[in-house]
$ cat input.tsv   # TSV, C-alpha atoms
chain	number	residue	atom	x	y	z
R	1080	MET	CA	46.84	-111.43	225.30
R	1081	ARG	CA	43.10	-111.30	224.65
R	1082	ALA	CA	41.10	-114.54	224.85
R	1083	LEU	CA	39.19	-115.68	221.80
R	1084	PRO	CA	35.51	-114.80	222.05
R	1085	PRO	CA	33.20	-117.83	222.38
R	1086	THR	CA	31.73	-117.44	218.86
R	1087	LEU	CA	35.16	-117.40	217.24
R	1088	LEU	CA	36.32	-120.31	219.36
R	1089	ILE	CA	33.30	-122.41	218.35
R	1090	LEU	CA	33.71	-121.61	214.65
R	1091	THR	CA	37.42	-122.35	214.78
R	1092	VAL	CA	36.76	-125.75	216.31
R	1093	LEU	CA	33.99	-126.42	213.76
R	1094	LEU	CA	36.27	-125.67	210.84
R	1095	ALA	CA	39.05	-127.72	212.40
R	1096	VAL	CA	37.01	-130.86	212.92
R	1097	GLY	CA	34.77	-130.40	209.89
R	1098	PHE	CA	31.14	-131.29	209.33
R	1099	PRO	CA	29.65	-134.10	211.37
R	1100	GLY	CA	31.21	-137.32	210.14
R	1101	LYS	CA	33.49	-135.48	207.68
R	1102	THR	CA	36.91	-133.87	207.73
R	1103	LEU	CA	37.29	-130.61	205.88
R	1104	ALA	CA	40.12	-130.11	203.44
R	1105	THR	CA	43.36	-128.55	204.64
R	1106	SER	CA	45.06	-125.82	202.64
R	1107	SER	CA	47.17	-128.42	200.88
R	1108	GLN	CA	44.02	-130.29	199.83
R	1109	ILE	CA	42.04	-127.42	198.39
R	1110	ALA	CA	42.65	-128.52	194.80
R	1111	SER	CA	39.45	-130.22	193.67
R	1112	THR	CA	39.24	-132.96	191.08
R	1113	LEU	CA	36.39	-134.58	189.24
R	1114	THR	CA	36.36	-138.28	190.06
R	1115	GLY	CA	34.03	-139.33	187.24
R	1116	THR	CA	30.40	-140.25	186.90
R	1117	GLY	CA	29.18	-143.43	188.50
R	1118	PHE	CA	29.43	-145.74	191.45
R	1119	ASP	CA	31.66	-148.31	193.10
R	1120	TYR	CA	28.76	-150.31	194.55
R	1121	VAL	CA	25.40	-151.05	192.94
R	1122	VAL	CA	22.34	-152.99	194.10
R	1123	THR	CA	19.95	-154.08	191.33
R	1124	ILE	CA	16.44	-154.93	192.58
R	1125	LEU	CA	14.05	-156.77	190.26
R	1126	MET	CA	10.33	-156.18	190.55
R	1127	GLU	CA	7.68	-157.80	188.37
R	1128	ASN	CA	4.93	-157.33	185.85
R	1129	HIS	CA	3.86	-153.69	185.86
R	1130	PRO	CA	4.09	-150.86	183.33
R	1131	LEU	CA	5.41	-147.41	184.11
R	1132	ASN	CA	2.39	-145.34	185.07
R	1133	THR	CA	-1.37	-145.16	185.28
R	1134	SER	CA	-1.60	-144.24	181.60
R	1135	TYR	CA	-1.20	-147.99	181.14
R	1136	PRO	CA	-3.19	-150.81	182.76
R	1137	ASN	CA	-2.07	-151.45	186.36
R	1138	GLY	CA	0.72	-148.89	186.16
R	1139	ILE	CA	2.96	-147.89	189.06
R	1140	ILE	CA	3.75	-144.18	188.83
R	1141	GLY	CA	0.71	-142.12	189.75
R	1142	ASN	CA	-0.98	-144.95	191.64
R	1143	PRO	CA	-2.09	-143.40	194.96
R	1144	ASN	CA	-1.99	-146.81	196.65
R	1145	LEU	CA	1.78	-147.00	196.14
R	1146	PRO	CA	3.09	-143.98	198.03
R	1147	TYR	CA	6.62	-145.20	198.70
R	1148	ILE	CA	7.75	-146.14	195.20
R	1149	ASN	CA	6.16	-142.94	193.87
R	1150	SER	CA	8.09	-140.85	196.40
R	1151	LEU	CA	11.29	-142.68	195.45
R	1152	ALA	CA	10.70	-141.85	191.77
R	1153	ARG	CA	10.07	-138.19	192.60
R	1154	ASN	CA	13.04	-137.80	194.92
R	1155	TYR	CA	15.62	-139.60	192.80
R	1156	SER	CA	15.95	-140.43	189.09
R	1157	LEU	CA	13.22	-141.92	186.92
R	1158	ALA	CA	13.50	-143.15	183.33
R	1159	ASN	CA	10.20	-142.45	181.57
R	1160	TYR	CA	10.94	-144.60	178.53
R	1161	TYR	CA	12.69	-147.73	179.74
R	1162	PHE	CA	11.55	-150.91	177.98
R	1163	ALA	CA	11.74	-154.65	178.48
R	1164	VAL	CA	13.15	-156.59	175.53
R	1165	ALA	CA	10.99	-159.71	175.59
R	1166	SER	CA	7.79	-161.21	176.91
R	1167	GLY	CA	8.30	-163.54	179.86
R	1168	SER	CA	10.54	-163.30	182.90
R	1169	LEU	CA	13.48	-165.50	181.96
R	1170	PRO	CA	14.39	-163.72	178.70
R	1171	ASP	CA	14.33	-160.35	180.45
R	1172	TYR	CA	16.44	-161.60	183.36
R	1173	LEU	CA	18.91	-162.98	180.81
R	1174	ALA	CA	18.92	-159.64	179.01
R	1175	LEU	CA	19.86	-157.90	182.25
R	1176	THR	CA	22.74	-160.29	182.94
R	1177	ASN	CA	24.09	-161.51	179.58
R	1178	ALA	CA	22.36	-159.42	176.85
R	1179	ASN	CA	21.21	-162.58	175.07
R	1180	ILE	CA	17.52	-163.40	175.44
R	1181	THR	CA	17.78	-166.58	173.35
R	1182	SER	CA	20.72	-168.11	175.21
R	1183	VAL	CA	18.24	-170.24	177.21
R	1184	ASN	CA	14.90	-171.41	175.85
R	1185	SER	CA	12.15	-169.19	177.22
R	1186	SER	CA	10.03	-172.27	178.02
R	1187	CYS	CA	12.57	-173.44	180.63
R	1188	ASN	CA	11.42	-173.21	184.24
R	1189	THR	CA	14.43	-174.72	186.00
R	1190	PRO	CA	18.07	-175.15	184.93
R	1191	SER	CA	19.16	-178.41	183.33
R	1192	PRO	CA	21.71	-179.46	180.69
R	1193	SER	CA	19.22	-178.43	178.02
R	1194	CYS	CA	18.18	-175.33	179.94
R	1195	SER	CA	21.50	-173.60	180.54
R	1196	THR	CA	24.08	-171.65	178.60
R	1197	ASN	CA	27.83	-171.18	178.48
R	1198	ALA	CA	27.39	-167.64	177.15
R	1199	SER	CA	29.50	-164.92	178.73
R	1200	ASN	CA	27.66	-162.96	181.40
R	1201	ILE	CA	28.08	-159.92	183.61
R	1202	ILE	CA	29.70	-162.01	186.36
R	1203	ASP	CA	32.56	-162.85	183.98
R	1204	ARG	CA	33.11	-159.16	183.36
R	1205	VAL	CA	32.81	-158.13	187.02
R	1206	GLU	CA	35.26	-160.77	188.22
R	1207	GLY	CA	37.57	-160.09	185.29
R	1208	SER	CA	37.88	-156.47	186.43
R	1209	GLY	CA	38.87	-157.52	189.96
R	1210	ARG	CA	35.51	-156.56	191.44
R	1211	THR	CA	33.24	-158.68	193.61
R	1212	TRP	CA	29.63	-159.79	193.27
R	1213	LYS	CA	26.84	-161.47	195.19
R	1214	ALA	CA	23.28	-162.43	194.27
R	1215	TYR	CA	20.59	-162.39	196.98
R	1216	MET	CA	17.45	-164.51	196.56
R	1217	GLU	CA	14.45	-164.31	198.86
R	1218	ASP	CA	12.97	-167.61	200.10
R	1219	TYR	CA	15.89	-169.64	198.72
R	1220	SER	CA	18.51	-171.57	200.66
R	1221	GLY	CA	21.38	-170.39	198.45
R	1222	GLY	CA	23.96	-171.95	196.14
R	1223	CYS	CA	23.37	-173.27	192.63
R	1224	SER	CA	21.23	-176.24	193.63
R	1225	GLY	CA	19.57	-174.97	196.78
R	1226	THR	CA	16.00	-175.49	197.85
R	1227	ARG	CA	13.19	-173.01	197.79
R	1228	ILE	CA	11.83	-172.16	201.20
R	1229	SER	CA	8.42	-171.13	199.92
R	1230	SER	CA	6.39	-171.26	196.72
R	1231	PHE	CA	7.14	-167.56	196.28
R	1232	TYR	CA	10.65	-168.40	195.01
R	1233	VAL	CA	10.87	-169.34	191.33
R	1234	ALA	CA	14.05	-170.38	189.54
R	1235	ILE	CA	13.45	-168.25	186.45
R	1236	HIS	CA	13.93	-165.16	188.63
R	1237	ASN	CA	17.43	-166.39	189.51
R	1238	PRO	CA	19.29	-166.01	186.20
R	1239	PHE	CA	22.70	-166.95	187.62
R	1240	ILE	CA	21.83	-170.64	187.98
R	1241	PHE	CA	21.28	-170.84	184.21
R	1242	TYR	CA	24.94	-170.00	183.45
R	1243	SER	CA	27.10	-173.12	183.32
R	1244	ASP	CA	30.31	-171.25	184.14
R	1245	ILE	CA	28.66	-170.34	187.45
R	1246	THR	CA	26.94	-173.65	188.25
R	1247	ASN	CA	30.14	-175.61	187.51
R	1248	ASN	CA	32.17	-173.46	189.89
R	1249	SER	CA	31.63	-174.02	193.63
R	1250	THR	CA	33.22	-170.68	194.54
R	1251	ARG	CA	30.82	-168.85	192.29
R	1252	CYS	CA	27.85	-170.87	193.51
R	1253	ALA	CA	28.66	-169.75	197.05
R	1254	ARG	CA	28.05	-166.15	195.92
R	1255	ILE	CA	24.34	-166.91	195.44
R	1256	VAL	CA	22.85	-166.58	198.91
R	1257	SER	CA	19.58	-166.33	200.76
R	1258	ALA	CA	18.52	-162.70	201.05
R	1259	ASN	CA	16.44	-163.40	204.13
R	1260	PRO	CA	17.90	-166.25	206.22
R	1261	GLY	CA	15.22	-167.43	208.61
R	1262	HIS	CA	12.69	-165.93	206.20
R	1263	SER	CA	11.20	-163.59	208.77
R	1264	GLY	CA	11.87	-160.24	210.43
R	1265	SER	CA	13.37	-157.25	208.62
R	1266	PRO	CA	13.46	-157.48	204.82
R	1267	ASP	CA	16.56	-159.12	203.38
R	1268	SER	CA	18.68	-159.09	206.51
R	1269	GLN	CA	21.66	-160.73	204.78
R	1270	LEU	CA	21.93	-157.93	202.24
R	1271	ILE	CA	21.58	-155.25	204.91
R	1272	SER	CA	24.19	-156.98	207.07
R	1273	ASP	CA	26.65	-157.15	204.18
R	1274	LEU	CA	26.15	-153.43	203.51
R	1275	SER	CA	27.41	-152.63	207.00
R	1276	SER	CA	31.02	-152.71	205.77
R	1277	THR	CA	33.01	-152.41	202.56
R	1278	THR	CA	34.73	-155.67	203.51
R	1279	THR	CA	31.44	-157.60	203.27
R	1280	ALA	CA	29.63	-155.62	200.57
R	1281	SER	CA	30.19	-156.60	196.95
R	1282	ASN	CA	30.61	-154.15	194.10
R	1283	TYR	CA	27.82	-155.79	192.08
R	1284	MET	CA	24.80	-156.88	194.10
R	1285	TRP	CA	21.60	-158.37	192.73
R	1286	LEU	CA	18.40	-158.84	194.73
R	1287	THR	CA	15.46	-160.98	193.65
R	1288	PRO	CA	12.50	-160.49	196.01
R	1289	ASN	CA	10.00	-163.32	196.29
R	1290	ASN	CA	6.78	-163.36	194.29
R	1291	CYS	CA	4.87	-161.66	197.08
R	1292	ASP	CA	7.30	-158.80	197.64
R	1293	ASN	CA	8.05	-158.17	193.95
R	1294	MET	CA	4.44	-157.31	192.94
R	1295	HIS	CA	4.29	-160.41	190.72
R	1296	GLY	CA	0.63	-160.93	191.54
R	1297	GLU	CA	0.47	-163.54	194.28
R	1298	CYS	CA	-0.09	-160.79	196.87
R	1299	ALA	CA	-1.67	-157.35	196.78
R	1300	ILE	CA	0.41	-154.80	194.93
R	1301	THR	CA	0.49	-152.71	198.10
R	1302	THR	CA	2.50	-155.49	199.77
R	1303	GLY	CA	5.35	-154.75	197.40
R	1304	ASP	CA	5.22	-151.03	198.15
R	1305	SER	CA	5.28	-151.73	201.88
R	1306	TYR	CA	8.24	-154.07	201.37
R	1307	LEU	CA	10.19	-151.42	199.47
R	1308	SER	CA	9.35	-148.80	202.11
R	1309	LYS	CA	11.26	-150.90	204.66
R	1310	LEU	CA	14.02	-152.29	202.45
R	1311	ILE	CA	15.25	-149.24	200.56
R	1312	PRO	CA	15.63	-146.92	203.58
R	1313	ALA	CA	17.63	-149.70	205.26
R	1314	ILE	CA	19.90	-149.84	202.20
R	1315	LEU	CA	20.25	-146.06	202.00
R	1316	ASN	CA	21.07	-145.83	205.71
R	1317	SER	CA	23.70	-148.58	205.56
R	1318	THR	CA	27.38	-147.83	206.11
R	1319	VAL	CA	28.26	-148.45	202.46
R	1320	PHE	CA	25.55	-146.13	201.14
R	1321	GLN	CA	26.40	-143.47	203.72
R	1322	SER	CA	30.13	-143.47	202.97
R	1323	GLN	CA	30.72	-144.70	199.42
R	1324	ARG	CA	29.72	-144.00	195.85
R	1325	ALA	CA	26.76	-146.37	195.74
R	1326	ALA	CA	23.54	-146.73	193.77
R	1327	ILE	CA	20.30	-148.69	193.71
R	1328	PHE	CA	18.76	-149.64	190.38
R	1329	LEU	CA	15.11	-150.61	190.90
R	1330	VAL	CA	13.49	-151.99	187.76
R	1331	PHE	CA	10.50	-154.07	186.64
R	1332	ASP	CA	11.11	-156.99	184.30
R	1333	GLU	CA	8.16	-156.48	181.93
R	1334	PRO	CA	4.80	-154.66	181.75
R	1335	THR	CA	2.65	-157.83	181.35
R	1336	TYR	CA	-0.59	-155.87	181.04
R	1337	CYS	CA	0.40	-154.43	177.66
R	1338	PRO	CA	2.98	-155.24	174.94
R	1339	TYR	CA	6.56	-154.95	176.18
R	1340	HIS	CA	7.69	-152.92	173.15
R	1341	GLN	CA	4.86	-150.39	173.60
R	1342	CYS	CA	4.65	-149.93	177.36
R	1343	PRO	CA	7.69	-148.77	179.34
R	1344	VAL	CA	8.41	-150.19	182.79
R	1345	PRO	CA	9.51	-148.30	185.92
R	1346	ALA	CA	13.28	-147.89	186.20
R	1347	ILE	CA	14.59	-145.82	189.11
R	1348	TRP	CA	18.14	-144.92	190.13
R	1349	ALA	CA	18.52	-144.00	193.80
R	1350	GLY	CA	21.24	-143.53	196.38
R	1351	PRO	CA	24.17	-141.13	196.76
R	1352	ALA	CA	25.39	-141.75	193.21
R	1353	ALA	CA	22.00	-140.86	191.68
R	1354	LYS	CA	20.67	-137.42	190.86
R	1355	PHE	CA	17.94	-135.85	192.96
R	1356	ALA	CA	14.48	-135.15	191.51
R	1357	TYR	CA	15.45	-136.03	187.95
R	1358	SER	CA	13.59	-137.69	185.08
R	1359	SER	CA	14.31	-138.27	181.43
R	1360	ASN	CA	12.38	-139.11	178.27
R	1361	MET	CA	15.39	-140.70	176.59
R	1362	PRO	CA	14.68	-144.31	175.53
R	1363	TYR	CA	16.46	-147.19	177.28
R	1364	THR	CA	16.12	-150.97	177.54
R	1365	HIS	CA	17.33	-153.76	179.82
R	1366	TYR	CA	20.54	-153.80	177.78
R	1367	SER	CA	21.16	-150.28	179.05
R	1368	LEU	CA	21.86	-151.54	182.56
R	1369	LEU	CA	24.73	-153.64	181.21
R	1370	ALA	CA	25.91	-150.72	179.09
R	1371	THR	CA	25.93	-148.53	182.21
R	1372	LEU	CA	27.98	-151.02	184.22
R	1373	GLU	CA	30.38	-151.44	181.31
R	1374	ASN	CA	30.78	-147.70	180.89
R	1375	VAL	CA	31.21	-146.87	184.58
R	1376	TRP	CA	33.59	-149.76	185.29
R	1377	SER	CA	35.36	-149.84	181.89
R	1378	LEU	CA	34.20	-153.37	181.08
R	1379	PRO	CA	34.10	-154.80	177.54
R	1380	PRO	CA	30.58	-155.42	176.18
R	1381	LEU	CA	29.22	-158.95	176.18
R	1382	ASN	CA	27.85	-158.75	172.63
R	1383	SER	CA	26.40	-156.34	170.09
R	1384	PHE	CA	23.17	-155.80	172.04
R	1385	ASP	CA	24.71	-154.22	175.13
R	1386	GLY	CA	27.49	-152.82	172.97
R	1387	ALA	CA	24.95	-150.76	171.03
R	1388	ALA	CA	22.76	-149.85	174.01
R	1389	SER	CA	22.73	-146.39	175.57
R	1390	ALA	CA	24.32	-146.17	179.01
R	1391	MET	CA	22.16	-144.45	181.63
R	1392	LEU	CA	24.84	-141.98	182.68
R	1393	GLU	CA	22.48	-139.01	182.69
R	1394	PHE	CA	20.91	-140.34	185.92
R	1395	LEU	CA	24.24	-140.50	187.75
R	1396	ASN	CA	26.21	-137.75	189.44
R	1397	PRO	CA	29.65	-136.59	188.49
R	1398	ASN	CA	31.52	-136.43	191.78
R	1399	LEU	CA	33.75	-133.70	193.16
R	1400	SER	CA	36.58	-134.77	195.46
R	1401	VAL	CA	37.66	-132.08	197.91
R	1402	GLY	CA	40.36	-133.08	200.35
R	1403	GLY	CA	39.39	-136.71	200.10
R	1404	ILE	CA	35.67	-136.04	200.60
R	1405	ILE	CA	33.59	-137.25	197.65
R	1406	VAL	CA	30.65	-134.90	197.13
R	1407	PRO	CA	28.16	-135.47	194.28
R	1408	ILE	CA	27.96	-132.28	192.21
R	1409	ASP	CA	24.19	-131.88	192.48
R	1410	LYS	CA	24.40	-132.13	196.28
R	1411	LEU	CA	26.82	-129.22	196.61
R	1412	ALA	CA	23.76	-126.97	196.79
R	1413	VAL	CA	22.79	-128.71	200.01
R	1414	ILE	CA	26.03	-127.94	201.86
R	1415	ALA	CA	27.01	-124.72	200.08
R	1416	PRO	CA	24.71	-122.42	202.13
R	1417	PHE	CA	26.16	-123.81	205.36
R	1418	VAL	CA	29.72	-123.28	204.14
R	1419	VAL	CA	28.93	-119.72	203.06
R	1420	LEU	CA	27.19	-118.94	206.35
R	1421	VAL	CA	30.07	-120.27	208.44
R	1422	SER	CA	32.57	-118.32	206.32
R	1423	ILE	CA	30.64	-115.04	206.66
R	1424	VAL	CA	30.12	-115.38	210.41
R	1425	LEU	CA	33.75	-116.33	210.91
R	1426	ALA	CA	34.98	-113.38	208.84
R	1427	VAL	CA	32.73	-110.92	210.69
R	1428	THR	CA	33.73	-112.34	214.07
R	1429	ILE	CA	37.45	-112.14	213.30
R	1430	ALA	CA	37.10	-108.60	211.95
R	1431	THR	CA	35.13	-107.51	215.01
R	1432	PHE	CA	37.62	-109.17	217.33
R	1433	TYR	CA	40.64	-107.42	215.86
R	1434	LEU	CA	38.96	-104.06	215.30
R	1435	THR	CA	37.83	-104.08	218.92
R	1436	GLY	CA	41.36	-104.94	219.96
R	1437	MET	CA	42.81	-102.11	217.88
R	1438	ALA	CA	40.29	-99.65	219.33
R	1439	GLY	CA	41.23	-100.73	222.83
R	1440	THR	CA	44.93	-100.24	222.08
R	1441	GLU	CA	44.35	-96.76	220.67
R	1442	ASP	CA	42.23	-95.84	223.69
R	1443	LYS	CA	45.01	-96.90	226.05
R	1444	ALA	CA	47.54	-94.92	224.05
R	1445	TYR	CA	45.32	-91.83	224.21
R	1446	ARG	CA	44.89	-92.08	227.97
R	1447	VAL	CA	48.65	-92.49	228.53
R	1448	THR	CA	49.40	-89.46	226.42
$ encode --input "input.tsv" --output "C-alpha cells"
Amino acid sequence: MRALPPTLLILTVLLAVGFPGKTLATSSQIASTLTGTGFDYVVTILMENHPLNTSYPNGIIGNPNLPYINSLARNYSLANYYFAVASGSLPDYLALTNANITSVNSSCNTPSPSCSTNASNIIDRVEGSGRTWKAYMEDYSGGCSGTRISSFYVAIHNPFIFYSDITNNSTRCARIVSANPGHSGSPDSQLISDLSSTTTASNYMWLTPNNCDNMHGECAITTGDSYLSKLIPAILNSTVFQSQRAAIFLVFDEPTYCPYHQCPVPAIWAGPAAKFAYSSNMPYTHYSLLATLENVWSLPPLNSFDGAASAMLEFLNPNLSVGGIIVPIDKLAVIAPFVVLVSIVLAVTIATFYLTGMAGTEDKAYRVT
C-alpha cells in the first residue's frame, strides 16, 4: 500500500481539523441556513458634542487629528445622516433609552423625585425578553446612588438613574457599575473583563466615558481619539467579539456647534456583526437605535417615536451558518479564496497521487508480461 504524499497528508489534516479556531462542516452539516441579520451582544458607546464631519464646525470625520475614529468609520459602517433629537445631553440620552425626551425635565442635573420618570425604557424590554444588561460608567462608583470619583462624571450622562423602576430595584441598580474600577490603567477594565466570557457579558451593554474621554470639551479632542484607539481594539479582540454575533454602536449625543436638526452626528457600527467599509445616506435619529434593538431582538416598541423610526439594519450583516460556524455574508469573500485554493490543491494532489499509482501498476504489468 502506497503512503500518502506529505502534501496530501497535510491537506487532509487541515480539512479534518478546520481553520485555526474553527471546525469545518462535516458532510451531514453542509446544508447552510441564514440565521438572520443582527447581533446577540451590543455595546453602545456615547461620545459628546460634535457634528459628523469637517463640513460642520468642529466635525469628526475628515479631521486629520483624529486618525483612529476616522479609520473606524472607513473600515466599518458609517451613517452619514444620523441626527440627535434635542438640544442638551439628558433629552438625547433619554431618547436613546426610552424614546421620550420630555419624560424628565431637561433642566434636571441629578435624579430626584421631581427629576425622574416611571416611563417604560429599554431595560424593561431587554429583561422582558429574557436577555441581560449592564451599564458601565467611567469615574463612578456604581449603583443608583453611587459617588462620582472625579468631576468628569456627570449624572445626566447616566440615563438609567432617572428611571424609577430601576432606582427602586436593588437588583437593577447593581447592574450599573464602574467601567474603570481603580480609575487608572487600561480603559474600562471592567467592561473588557466581562467581555472575556459569555457568562459575564450582557446582551445589552452601555458605556458612558467620562467628560475627558468622550470629547465633551474638558480635554483636547485628541484625548478622546486616543482613548477610543485603546478601548475599541480591546473590545474587538475580546472573547465575545471573536466568537459571537456582536456589535459596537459608537454615537455622539448632539452636534452642539450647530443646530441638532441640521447637523448630523457621527454614528458608527463596528464589530463582527457590522458590514465592512460601508456608508449610507439614509436618514436616522437616536430613536433608530431603539428601533434596531427592537427589530433584531423582536421587542415591542416603547412608544410611537421608536415605533415609527427606521431600524439601522442596512449596517448589519445577514449571517450564514455552515456546520455550526456563523460567518457574516460580507466576510465570505475573505475566506473563500483560501477554501478554493485548498480545494484545488487537494484535488490536484489526489489526482496526481492516483494517476501515478495507476501508471506504476501498468508499468509493473508490462514488465511481467
$ residues_around --input "input.tsv" --residues "range 1269-1278 of chain R" --least-positions-apart "5" --cutoff "8 Å" --atoms "all atoms listed in the file" --output "VMD selection string"
chain R and resid 1215 1257 to 1260 1313 to 1314 1317 to 1320
$ residues_around --input "input.tsv" --residues "Ile1347 in chain R" --least-positions-apart "4" --cutoff "9 Å" --atoms "only C-alpha atoms" --output "list in words"
Leu1151, Ala1152, Tyr1155, Ser1156, Leu1157, Ala1158, Ile1327, Phe1328, Leu1329, Val1330 and Phe1394 of chain R
$ residues_around --input "input.tsv" --residues "Phe1331 in chain R" --least-positions-apart "2" --cutoff "6 Å" --atoms "only C-alpha atoms" --output "PDB file with C-alpha atoms, in the frame of the given file"
ATOM      1  CA  LEU R1125      14.050-156.770 190.260  1.00  0.00           C
ATOM      2  CA  MET R1126      10.330-156.180 190.550  1.00  0.00           C
ATOM      3  CA  GLU R1127       7.680-157.800 188.370  1.00  0.00           C
ATOM      4  CA  GLU R1333       8.160-156.480 181.930  1.00  0.00           C
ATOM      5  CA  VAL R1344       8.410-150.190 182.790  1.00  0.00           C
ATOM      6  CA  PRO R1345       9.510-148.300 185.920  1.00  0.00           C
TER       7      PRO R1345
END
$ closest_residue --input "input.tsv" --among "R:Ile1148, R:Thr1335, R:Lys1213, R:Asn1289" --to "Ser1230 in chain R" --atoms "all atoms listed in the file"
R:Asn1289
$ closest_residue --input "input.tsv" --among "R:Leu1368, R:Cys1298, R:Ile1240, R:Cys1252" --to "Pro1380 in chain R" --atoms "only C-alpha atoms"
R:Leu1368
$ atom_distance --input "input.tsv" --atom1 "CA of Asn1149 in chain R" --atom2 "CA of Leu1131 in chain R"
10.8 Å
$ closest_residue --input "input.tsv" --among "R:Pro1334, R:Pro1362, R:Pro1136, R:Pro1312" --to "Gly1350 in chain R" --atoms "only C-alpha atoms"
R:Pro1312
$ residues_around --input "input.tsv" --residues "Ser1224 in chain R" --least-positions-apart "4" --cutoff "12 Å" --atoms "all atoms listed in the file" --output "list in words"
Thr1189, Pro1190, Ser1191, Tyr1219, Ser1220, Ala1234, Asn1237, Phe1239, Ile1240, Phe1241, Ile1245, Thr1246, Asn1247, Asn1248, Ser1249, Cys1252, Ala1253, Ile1255 and Val1256 of chain R
$ closest_residue --input "input.tsv" --among "R:Ala1352, R:Asp1171, R:Gly1296, R:Met1216" --to "Gln1321 in chain R" --atoms "all atoms listed in the file"
R:Ala1352
$ atom_distance --input "input.tsv" --atom1 "CA of Ser1182 in chain R" --atom2 "CA of Phe1118 in chain R"
29.0 Å
$ atom_distance --input "input.tsv" --atom1 "CA of Pro1343 in chain R" --atom2 "CA of Ala1370 in chain R"
18.3 Å
